[in-house]
>>> print(open('structure-v2.cif').read())   # mmCIF, C-alpha atoms
data_data
#
loop_
_atom_site.label_atom_id
_atom_site.label_comp_id
_atom_site.auth_asym_id
_atom_site.auth_seq_id
_atom_site.Cartn_x
_atom_site.Cartn_y
_atom_site.Cartn_z
CA MET A 163 -51.03 -25.53 -64.47
CA GLU A 164 -51.69 -28.14 -61.84
CA LYS A 165 -49.13 -28.23 -59.06
CA LYS A 166 -48.11 -31.57 -57.72
CA MET A 167 -46.59 -30.65 -54.41
CA GLU A 168 -46.22 -34.28 -53.39
CA GLU A 169 -43.27 -34.34 -55.77
CA TYR A 170 -41.47 -31.96 -53.41
CA ALA A 171 -40.14 -32.76 -49.96
CA ILE A 172 -38.02 -30.78 -47.54
CA ILE A 173 -35.66 -32.84 -45.43
CA ASP A 174 -33.50 -30.76 -43.10
CA ASP A 175 -32.23 -27.99 -45.36
CA TYR A 176 -32.50 -30.09 -48.53
CA LEU A 177 -35.29 -29.58 -51.05
CA CYS A 178 -35.86 -32.88 -52.85
CA ILE A 179 -37.59 -32.64 -56.20
CA LYS A 180 -38.95 -35.76 -57.84
CA MET A 181 -38.51 -35.03 -61.53
CA PRO A 182 -41.29 -36.16 -63.90
CA GLY A 183 -41.04 -38.96 -66.47
CA GLU A 184 -40.38 -36.52 -69.27
CA VAL A 185 -38.48 -33.32 -68.55
CA ASP A 186 -39.10 -30.83 -71.35
CA HIS A 187 -40.07 -27.19 -71.83
CA HIS A 188 -43.74 -28.09 -71.37
CA GLY A 189 -43.34 -29.05 -67.72
CA ALA A 190 -40.38 -26.82 -66.90
CA ALA A 191 -42.33 -23.72 -65.82
CA ASN A 192 -44.30 -25.68 -63.26
CA ILE A 193 -41.18 -27.23 -61.72
CA ARG A 194 -39.47 -23.82 -61.59
CA GLU A 195 -42.46 -22.18 -59.89
CA CYS A 196 -42.94 -24.91 -57.30
CA ALA A 197 -39.24 -25.15 -56.51
CA ASP A 198 -38.73 -21.40 -56.24
CA GLN A 199 -41.73 -21.00 -53.97
CA LEU A 200 -40.29 -23.60 -51.61
CA ILE A 201 -36.82 -22.10 -51.78
CA LEU A 202 -38.26 -18.76 -50.65
CA ASP A 203 -40.73 -20.07 -48.09
CA ASP A 204 -38.64 -22.54 -46.24
CA LYS A 205 -35.11 -21.20 -46.46
CA VAL A 206 -33.93 -24.27 -48.28
CA LYS A 207 -30.17 -24.44 -48.58
CA ASN A 208 -29.48 -27.38 -50.88
CA ILE A 209 -31.44 -28.97 -53.72
CA VAL A 210 -31.63 -32.60 -54.78
CA PHE A 211 -33.07 -33.44 -58.19
CA ASP A 212 -34.28 -37.04 -58.18
CA PHE A 213 -34.37 -38.50 -61.70
CA GLU A 214 -35.62 -41.94 -60.64
CA ASN A 215 -38.78 -41.66 -62.77
CA THR A 216 -37.23 -39.74 -65.64
CA THR A 217 -36.86 -41.48 -68.98
CA PHE A 218 -36.60 -38.40 -71.19
CA MET A 219 -34.86 -35.07 -70.72
CA ASP A 220 -33.89 -32.37 -73.21
CA SER A 221 -31.96 -29.15 -72.64
CA SER A 222 -34.91 -27.69 -70.72
CA GLY A 223 -33.76 -29.86 -67.83
CA LEU A 224 -30.38 -28.13 -67.84
CA GLY A 225 -32.18 -24.77 -67.67
CA ILE A 226 -34.11 -25.89 -64.60
CA ILE A 227 -30.96 -27.09 -62.83
CA ILE A 228 -28.85 -24.04 -63.75
CA GLY A 229 -31.61 -21.66 -62.66
CA ARG A 230 -31.96 -23.30 -59.24
CA TYR A 231 -28.18 -23.45 -58.87
CA ARG A 232 -28.03 -19.69 -59.40
CA LYS A 233 -30.65 -19.14 -56.72
CA ILE A 234 -28.98 -21.15 -53.99
CA SER A 235 -25.27 -21.13 -54.79
CA CYS A 236 -24.80 -17.53 -53.64
CA PHE A 237 -25.84 -18.67 -50.15
CA GLY A 238 -23.40 -21.57 -50.23
CA GLY A 239 -25.97 -24.20 -51.20
CA LYS A 240 -25.23 -27.25 -53.31
CA VAL A 241 -27.18 -29.00 -56.04
CA TYR A 242 -27.29 -32.76 -56.46
CA ALA A 243 -28.69 -35.06 -59.14
CA ILE A 244 -29.55 -38.54 -57.97
CA ASN A 245 -30.91 -41.76 -59.51
CA ALA A 246 -30.19 -40.61 -63.05
CA SER A 247 -30.34 -43.26 -65.75
CA GLU A 248 -27.15 -44.00 -67.63
CA ARG A 249 -28.25 -41.75 -70.49
CA ILE A 250 -29.32 -38.82 -68.34
CA GLY A 251 -26.16 -39.09 -66.26
CA ARG A 252 -24.12 -39.03 -69.45
CA LEU A 253 -26.11 -36.08 -70.77
CA LEU A 254 -25.54 -34.10 -67.55
CA ARG A 255 -21.81 -34.82 -67.60
CA ALA A 256 -21.36 -34.23 -71.33
CA SER A 257 -23.00 -30.83 -71.10
CA GLY A 258 -20.65 -29.79 -68.33
CA MET A 259 -23.19 -29.80 -65.52
CA SER A 260 -20.85 -31.80 -63.31
CA SER A 261 -18.83 -28.61 -62.81
CA ILE A 262 -21.72 -27.02 -60.89
CA ILE A 263 -23.65 -29.97 -59.49
CA GLU A 264 -22.80 -33.28 -57.92
CA ILE A 265 -24.11 -36.26 -59.88
CA LEU A 266 -24.67 -39.26 -57.65
CA THR A 267 -25.67 -42.48 -59.34
CA MET B 52 -36.95 -56.57 -84.78
CA GLU B 53 -33.72 -58.27 -83.93
CA ASN B 54 -32.49 -61.60 -85.21
CA GLU B 55 -31.04 -64.32 -83.01
CA ASN B 56 -27.66 -62.62 -82.87
CA GLY B 57 -29.23 -59.41 -81.63
CA THR B 58 -28.14 -57.46 -84.70
CA ARG B 59 -30.26 -55.23 -86.84
CA GLN B 60 -31.87 -57.03 -89.76
CA ASN B 61 -30.88 -55.83 -93.16
CA LYS B 62 -34.37 -55.57 -94.55
CA GLN B 63 -35.23 -53.57 -97.63
CA PHE B 64 -37.81 -50.89 -97.07
CA ALA B 65 -39.68 -48.47 -99.31
CA GLU B 66 -39.13 -44.75 -98.91
CA ASN B 67 -41.50 -43.18 -96.46
CA ASP B 68 -42.49 -39.58 -95.95
CA ILE B 69 -44.74 -37.91 -93.40
CA CYS B 70 -45.75 -34.35 -92.72
CA ILE B 71 -47.70 -33.16 -89.72
CA GLU B 72 -48.69 -29.67 -88.71
CA PHE B 73 -49.66 -28.71 -85.18
CA ASP B 74 -50.25 -25.72 -82.94
CA ALA B 75 -47.13 -24.10 -81.50
CA ILE B 76 -48.02 -24.94 -77.91
CA SER B 77 -45.75 -26.71 -75.47
CA GLU B 78 -47.90 -29.80 -75.00
CA ASN B 79 -47.18 -30.66 -78.65
CA GLU B 80 -43.46 -31.10 -77.88
CA GLY B 81 -44.37 -34.52 -76.49
CA LEU B 82 -46.60 -35.22 -79.49
CA ALA B 83 -43.76 -34.52 -81.92
CA ARG B 84 -41.49 -36.89 -79.96
CA VAL B 85 -44.06 -39.69 -80.04
CA VAL B 86 -44.69 -39.24 -83.78
CA ILE B 87 -41.01 -39.29 -84.72
CA ALA B 88 -40.40 -42.31 -82.48
CA ALA B 89 -43.21 -44.22 -84.18
CA PHE B 90 -42.00 -43.14 -87.61
CA ILE B 91 -38.48 -44.51 -87.12
CA SER B 92 -39.58 -47.71 -85.37
CA ARG B 93 -39.09 -49.71 -88.60
CA VAL B 94 -35.31 -49.20 -88.45
CA ASP B 95 -35.18 -50.87 -85.03
CA PRO B 96 -33.23 -48.03 -83.46
CA THR B 97 -31.27 -48.75 -80.30
CA LEU B 98 -32.67 -47.09 -77.20
CA ASP B 99 -29.94 -44.45 -77.42
CA GLU B 100 -30.62 -43.74 -81.10
CA LEU B 101 -34.31 -43.42 -80.37
CA GLU B 102 -33.65 -41.00 -77.51
CA ASP B 103 -31.18 -39.06 -79.67
CA VAL B 104 -33.82 -38.43 -82.34
CA LYS B 105 -36.54 -37.65 -79.81
CA THR B 106 -34.26 -35.20 -78.01
CA ALA B 107 -33.22 -33.41 -81.22
CA VAL B 108 -36.84 -33.10 -82.37
CA SER B 109 -37.87 -31.88 -78.93
CA GLU B 110 -35.20 -29.16 -79.05
CA ALA B 111 -36.20 -27.99 -82.53
CA VAL B 112 -39.93 -27.93 -81.76
CA THR B 113 -39.28 -26.12 -78.46
CA ASN B 114 -37.21 -23.52 -80.32
CA ALA B 115 -40.03 -22.97 -82.83
CA ILE B 116 -42.54 -22.47 -80.01
CA ILE B 117 -40.38 -20.27 -77.76
CA HIS B 118 -38.23 -18.35 -80.21
CA GLY B 119 -40.01 -18.60 -83.57
CA TYR B 120 -43.41 -17.67 -82.19
CA GLY B 121 -42.39 -16.12 -78.86
CA GLU B 122 -44.88 -18.41 -77.08
CA ARG B 123 -47.73 -16.50 -78.74
CA GLY B 124 -48.82 -19.50 -80.81
CA GLY B 125 -48.68 -20.33 -84.50
CA ARG B 126 -48.21 -23.50 -86.49
CA VAL B 127 -45.24 -25.85 -86.56
CA VAL B 128 -44.65 -28.33 -89.38
CA MET B 129 -42.65 -31.52 -88.94
CA ARG B 130 -41.64 -33.34 -92.12
CA ALA B 131 -39.82 -36.61 -91.84
CA HIS B 132 -38.44 -38.86 -94.50
CA LEU B 133 -36.81 -42.29 -94.43
CA THR B 134 -34.85 -43.45 -97.46
CA GLU B 135 -34.66 -47.04 -98.64
CA GLU B 136 -31.34 -47.17 -96.79
CA ASN B 137 -33.09 -45.97 -93.64
CA GLU B 138 -31.46 -42.58 -93.50
CA LEU B 139 -33.71 -40.23 -91.60
CA SER B 140 -34.26 -36.64 -92.61
CA VAL B 141 -36.43 -34.47 -90.40
CA GLU B 142 -37.38 -30.84 -90.82
CA ILE B 143 -38.99 -28.61 -88.20
CA ILE B 144 -40.49 -25.58 -89.87
CA ASP B 145 -42.00 -22.44 -88.39
CA ARG B 146 -43.25 -19.22 -89.93
CA GLY B 147 -42.21 -17.15 -86.96
CA VAL B 148 -39.87 -14.22 -86.47
CA GLY B 149 -36.75 -15.90 -87.86
CA ILE B 150 -33.20 -15.80 -86.51
CA ALA B 151 -31.09 -12.71 -87.27
CA ASP B 152 -27.73 -14.42 -86.78
CA VAL B 153 -27.87 -18.18 -87.18
CA VAL B 154 -24.17 -18.67 -86.44
CA GLN B 155 -24.52 -16.83 -83.13
CA ALA B 156 -27.74 -18.66 -82.26
CA MET B 157 -25.98 -21.99 -82.75
CA GLN B 158 -23.14 -21.17 -80.33
CA PRO B 159 -23.25 -23.38 -77.25
CA LEU B 160 -24.72 -21.51 -74.27
CA TYR B 161 -26.08 -18.67 -76.43
CA THR B 162 -29.67 -17.88 -75.55
CA SER B 163 -31.98 -15.00 -76.36
CA ALA B 164 -34.34 -16.13 -73.61
CA ALA B 165 -32.16 -16.12 -70.49
CA GLU B 166 -35.04 -14.68 -68.45
CA ASN B 167 -36.94 -17.84 -69.34
CA GLU B 168 -34.04 -19.93 -68.04
CA ARG B 169 -33.14 -21.54 -71.31
CA SER B 170 -29.77 -23.27 -71.14
CA GLY B 171 -28.63 -22.19 -74.60
CA MET B 172 -27.84 -25.81 -75.42
CA GLY B 173 -30.68 -26.56 -77.85
CA PHE B 174 -28.70 -26.42 -81.10
CA SER B 175 -25.74 -28.13 -79.40
CA PHE B 176 -28.01 -31.04 -78.49
CA MET B 177 -29.34 -31.22 -82.05
CA GLU B 178 -25.80 -31.23 -83.45
CA ALA B 179 -24.61 -33.77 -80.93
CA PHE B 180 -27.44 -36.23 -81.33
CA MET B 181 -27.91 -36.11 -85.10
CA ASP B 182 -25.39 -36.70 -87.90
CA ARG B 183 -25.97 -33.39 -89.63
CA LEU B 184 -27.83 -30.16 -88.94
CA GLU B 185 -28.67 -27.26 -91.25
CA VAL B 186 -30.57 -24.15 -90.23
CA GLU B 187 -32.14 -21.76 -92.71
CA SER B 188 -33.81 -18.65 -91.42
CA SER B 189 -35.08 -15.30 -92.69
CA ILE B 190 -36.24 -12.45 -90.51
CA GLY B 191 -40.02 -12.24 -90.58
CA GLU B 192 -40.37 -15.41 -92.60
CA GLY B 193 -39.43 -18.16 -90.23
CA THR B 194 -36.94 -20.94 -89.68
CA VAL B 195 -36.30 -24.40 -91.08
CA VAL B 196 -34.21 -26.76 -88.96
CA HIS B 197 -33.14 -29.73 -91.07
CA MET B 198 -31.48 -32.75 -89.45
CA TRP B 199 -30.24 -36.08 -90.73
CA LYS B 200 -29.34 -39.34 -89.05
CA SER B 201 -28.46 -42.72 -90.42
CA PHE B 202 -28.78 -45.82 -88.32
CA SER B 203 -25.88 -47.85 -89.55
CA ALA B 204 -23.01 -45.60 -88.48
CA GLU B 205 -21.14 -46.22 -85.26
CA GLU B 206 -22.49 -44.31 -82.35
CA LYS B 207 -20.50 -41.29 -81.36
CA LEU B 208 -20.78 -39.48 -78.07
CA ALA B 209 -21.42 -35.85 -78.43
CA PRO B 210 -18.05 -34.19 -79.11
CA ILE B 211 -19.85 -30.86 -79.39
CA LEU B 212 -21.34 -31.22 -75.97
CA GLN B 213 -18.00 -32.11 -74.50
CA ALA B 214 -16.56 -28.97 -76.05
CA ALA B 215 -19.26 -26.91 -74.44
CA VAL B 216 -18.22 -27.48 -70.87
CA TRP B 217 -20.23 -25.29 -68.62
CA ASN B 218 -18.05 -22.50 -67.36
CA SER B 219 -19.33 -21.67 -63.92
CA SER B 220 -17.14 -18.63 -63.50
CA SER B 221 -18.24 -16.76 -66.61
CA ARG B 222 -21.87 -17.74 -66.99
CA VAL B 223 -23.34 -18.81 -63.70
#
>>> encode(input="structure-v2.cif", output="structure tokens")
Amino acid sequence: MEKKMEEYAIIDDYLCIKMPGEVDHHGAANIRECADQLILDDKVKNIVFDFENTTFMDSSGLGIIIGRYRKISCFGGKVYAINASERIGRLLRASGMSSIIEILT
Amino acid sequence: MENENGTRQNKQFAENDICIEFDAISENEGLARVVIAAFISRVDPTLDELEDVKTAVSEAVTNAIIHGYGERGGRVVMRAHLTEENELSVEIIDRGVGIADVVQAMQPLYTSAAENERSGMGFSFMEAFMDRLEVESSIGEGTVVHMWKSFSAEEKLAPILQAAVWNSSSRV
């Protein structure tokens, strides 16, 4: 699968991931691979998921977030979700994600 | 279409029924969402209702691809029906491996594919976003996920999801 590395930026020890328009199982593997490669290569501490462009997300999105949280939380890193639409913010909160990540809207 | 007051028009429609069959590959998750969205457009769903149905269908089709066929391919059938009263019924059918314990599979956070980083929230999403969900499955024969939603009822926010608060101490 094509890797769009321009969707990923490292600022200080934050990995910022621009999430696609539709977050589903189809695109999840690619996001996981790219993110995990950067986490390993650059000693990223925290992760920011940017949902600015995202209009659809199913439970695959939770899997992506939980998986990355597991990778960085043991080193004291934090996970953030930013620019989520009202619906996606609600979905993240309603599924209990706010207990492991910080949702900034 | 909305009238001047912004309320849903009470038009009378004929029953409508569609059935599509597609390869069990992940790019068809988006296809299924687009088809169901187009199919229910006549009821003028709110944006939230539309996303609810798309999300539930996406979960069911993803389950068929990942769990039913173990990502080895196969065929998924989506049947959708709208009554004259605009109640939606949608079935996602696979002829995959089947689910041994449907009750267990439907528990929030249960997943048989943890290595694949599934959240275990698929059935919870379907239950939360649709009015009713029934799952029939036989080992070796496949699974039918049947969901209903009517578009007149008041919107409810996901009590099942709220019950399934992620417990970071036990699962993460």
>>> closest_atom_pairs(input="structure-v2.cif", of="chain A", to="chain B", cutoff="9 Å", atoms="all atoms listed in the file", output="Markdown table")
| residue | atom | partner | partner_atom | distance |
| --- | --- | --- | --- | --- |
| A:Glu184 | CA | B:Gly81 | CA | 8.5 |
| A:Asp186 | CA | B:Ser109 | CA | 7.8 |
| A:His187 | CA | B:Thr113 | CA | 6.8 |
| A:His188 | CA | B:Ser77 | CA | 4.8 |
| A:Gly189 | CA | B:Ser77 | CA | 8.4 |
| A:Ala191 | CA | B:Asn167 | CA | 8.7 |
| A:Phe218 | CA | B:Glu102 | CA | 7.4 |
| A:Met219 | CA | B:Thr106 | CA | 7.3 |
| A:Asp220 | CA | B:Thr106 | CA | 5.6 |
| A:Ser221 | CA | B:Gly173 | CA | 6.0 |
| A:Ser222 | CA | B:Arg169 | CA | 6.4 |
| A:Gly223 | CA | B:Ser170 | CA | 8.4 |
| A:Leu224 | CA | B:Ser170 | CA | 5.9 |
| A:Gly225 | CA | B:Ser170 | CA | 4.5 |
| A:Ile226 | CA | B:Glu168 | CA | 6.9 |
| A:Ile228 | CA | B:Ser170 | CA | 7.5 |
| A:Gly229 | CA | B:Glu168 | CA | 6.2 |
| A:Tyr231 | CA | B:Val223 | CA | 8.3 |
| A:Arg232 | CA | B:Val223 | CA | 6.4 |
| A:Arg249 | CA | B:Asp99 | CA | 7.6 |
| A:Leu253 | CA | B:Leu212 | CA | 8.6 |
| A:Arg255 | CA | B:Gln213 | CA | 8.3 |
| A:Ala256 | CA | B:Gln213 | CA | 5.1 |
| A:Ser257 | CA | B:Leu212 | CA | 5.2 |
| A:Gly258 | CA | B:Val216 | CA | 4.2 |
| A:Met259 | CA | B:Trp217 | CA | 6.2 |
| A:Ser260 | CA | B:Trp217 | CA | 8.4 |
| A:Ser261 | CA | B:Trp217 | CA | 6.8 |
| A:Ile262 | CA | B:Ser219 | CA | 6.6 |
>>> atom_distance(input="structure-v2.cif", atom1="CA of Ile87 (chain B)", atom2="CA of Ala131 (chain B)")
7.7 Å
>>> atom_distance(input="structure-v2.cif", atom1="CA of Phe73 (chain B)", atom2="CA of Ser92 (chain B)")
21.5 Å
>>> atom_distance(input="structure-v2.cif", atom1="CA of Leu266 (chain A)", atom2="CA of Tyr161 (chain B)")
27.9 Å
>>> resolve_selection(input="structure-v2.cif", expression="the PyMOL selection byres ((chain B and resi 149-156) around 7)", output="PyMOL selection string")
chain B and resi 119+147-148+157-158+161+188-194
>>> resolve_selection(input="structure-v2.cif", expression="the PyMOL selection byres ((chain A and resi 182) around 10)", output="PyMOL selection string")
chain A and resi 169+179-181+183-186+189-190+193+212-219
>>> decode(input="structure-v2.cif", residues="region 107-119 of chain B", atoms="all heavy atoms", output="mmCIF file, in the first residue's frame")
data_model
loop_
_atom_site.group_PDB
_atom_site.id
_atom_site.type_symbol
_atom_site.label_atom_id
_atom_site.label_comp_id
_atom_site.auth_asym_id
_atom_site.auth_seq_id
_atom_site.Cartn_x
_atom_site.Cartn_y
_atom_site.Cartn_z
ATOM 1 N N ALA B 107 -22.502 1.397 11.256
ATOM 2 C CA ALA B 107 -22.938 0.037 11.579
ATOM 3 C C ALA B 107 -22.648 -0.915 10.428
ATOM 4 O O ALA B 107 -22.156 -2.036 10.630
ATOM 5 C CB ALA B 107 -24.431 0.040 11.916
ATOM 6 N N VAL B 108 -22.916 -0.466 9.208
ATOM 7 C CA VAL B 108 -22.651 -1.308 8.030
ATOM 8 C C VAL B 108 -21.149 -1.553 7.885
ATOM 9 O O VAL B 108 -20.700 -2.667 7.604
ATOM 10 C CB VAL B 108 -23.248 -0.663 6.753
ATOM 11 C CG1 VAL B 108 -22.652 -1.263 5.485
ATOM 12 C CG2 VAL B 108 -24.766 -0.806 6.756
ATOM 13 N N SER B 109 -20.372 -0.508 8.116
ATOM 14 C CA SER B 109 -18.919 -0.634 8.022
ATOM 15 C C SER B 109 -18.394 -1.678 9.012
ATOM 16 O O SER B 109 -17.535 -2.506 8.684
ATOM 17 C CB SER B 109 -18.288 0.732 8.295
ATOM 18 O OG SER B 109 -16.934 0.760 7.915
ATOM 19 N N GLU B 110 -18.937 -1.651 10.229
ATOM 20 C CA GLU B 110 -18.524 -2.628 11.253
ATOM 21 C C GLU B 110 -18.869 -4.056 10.821
ATOM 22 O O GLU B 110 -18.057 -4.969 10.950
ATOM 23 C CB GLU B 110 -19.220 -2.341 12.583
ATOM 24 C CG GLU B 110 -18.931 -0.990 13.216
ATOM 25 C CD GLU B 110 -17.490 -0.808 13.641
ATOM 26 O OE1 GLU B 110 -16.728 -1.790 13.650
ATOM 27 O OE2 GLU B 110 -17.121 0.339 13.970
ATOM 28 N N ALA B 111 -20.092 -4.241 10.325
ATOM 29 C CA ALA B 111 -20.535 -5.588 9.965
ATOM 30 C C ALA B 111 -19.743 -6.130 8.775
ATOM 31 O O ALA B 111 -19.336 -7.302 8.770
ATOM 32 C CB ALA B 111 -22.035 -5.575 9.662
ATOM 33 N N VAL B 112 -19.507 -5.280 7.786
ATOM 34 C CA VAL B 112 -18.758 -5.722 6.606
ATOM 35 C C VAL B 112 -17.301 -6.012 6.994
ATOM 36 O O VAL B 112 -16.716 -7.018 6.561
ATOM 37 C CB VAL B 112 -18.835 -4.665 5.476
ATOM 38 C CG1 VAL B 112 -17.879 -4.999 4.342
ATOM 39 C CG2 VAL B 112 -20.273 -4.562 4.947
ATOM 40 N N THR B 113 -16.730 -5.164 7.849
ATOM 41 C CA THR B 113 -15.363 -5.393 8.318
ATOM 42 C C THR B 113 -15.272 -6.729 9.062
ATOM 43 O O THR B 113 -14.333 -7.514 8.854
ATOM 44 C CB THR B 113 -14.900 -4.240 9.231
ATOM 45 O OG1 THR B 113 -14.969 -3.024 8.492
ATOM 46 C CG2 THR B 113 -13.477 -4.448 9.716
ATOM 47 N N ASN B 114 -16.255 -7.003 9.917
ATOM 48 C CA ASN B 114 -16.279 -8.285 10.628
ATOM 49 C C ASN B 114 -16.301 -9.465 9.655
ATOM 50 O O ASN B 114 -15.599 -10.459 9.855
ATOM 51 C CB ASN B 114 -17.513 -8.375 11.536
ATOM 52 C CG ASN B 114 -17.273 -7.755 12.904
ATOM 53 O OD1 ASN B 114 -16.182 -7.294 13.207
ATOM 54 N ND2 ASN B 114 -18.310 -7.754 13.719
ATOM 55 N N ALA B 115 -17.147 -9.358 8.619
ATOM 56 C CA ALA B 115 -17.246 -10.448 7.636
ATOM 57 C C ALA B 115 -15.887 -10.687 6.982
ATOM 58 O O ALA B 115 -15.442 -11.831 6.824
ATOM 59 C CB ALA B 115 -18.298 -10.109 6.578
ATOM 60 N N ILE B 116 -15.208 -9.599 6.626
ATOM 61 C CA ILE B 116 -13.920 -9.703 5.923
ATOM 62 C C ILE B 116 -12.835 -10.257 6.850
ATOM 63 O O ILE B 116 -12.089 -11.170 6.491
ATOM 64 C CB ILE B 116 -13.512 -8.319 5.358
ATOM 65 C CG1 ILE B 116 -14.487 -7.902 4.248
ATOM 66 C CG2 ILE B 116 -12.067 -8.339 4.856
ATOM 67 C CD1 ILE B 116 -14.350 -6.445 3.816
ATOM 68 N N ILE B 117 -12.751 -9.698 8.071
ATOM 69 C CA ILE B 117 -11.659 -10.057 8.983
ATOM 70 C C ILE B 117 -11.928 -11.397 9.667
ATOM 71 O O ILE B 117 -11.063 -12.269 9.714
ATOM 72 C CB ILE B 117 -11.487 -8.990 10.086
ATOM 73 C CG1 ILE B 117 -11.066 -7.664 9.489
ATOM 74 C CG2 ILE B 117 -10.450 -9.446 11.109
ATOM 75 C CD1 ILE B 117 -10.854 -6.590 10.548
ATOM 76 N N HIS B 118 -13.130 -11.518 10.234
ATOM 77 C CA HIS B 118 -13.411 -12.692 11.064
ATOM 78 C C HIS B 118 -14.049 -13.811 10.253
ATOM 79 O O HIS B 118 -13.636 -14.964 10.334
ATOM 80 C CB HIS B 118 -14.297 -12.298 12.248
ATOM 81 C CG HIS B 118 -13.682 -11.231 13.097
ATOM 82 N ND1 HIS B 118 -12.571 -11.464 13.884
ATOM 83 C CD2 HIS B 118 -13.996 -9.928 13.257
ATOM 84 C CE1 HIS B 118 -12.244 -10.331 14.507
ATOM 85 N NE2 HIS B 118 -13.097 -9.390 14.137
ATOM 86 N N GLY B 119 -15.080 -13.469 9.464
ATOM 87 C CA GLY B 119 -15.772 -14.495 8.684
ATOM 88 C C GLY B 119 -14.813 -15.199 7.733
ATOM 89 O O GLY B 119 -14.749 -16.428 7.691
#
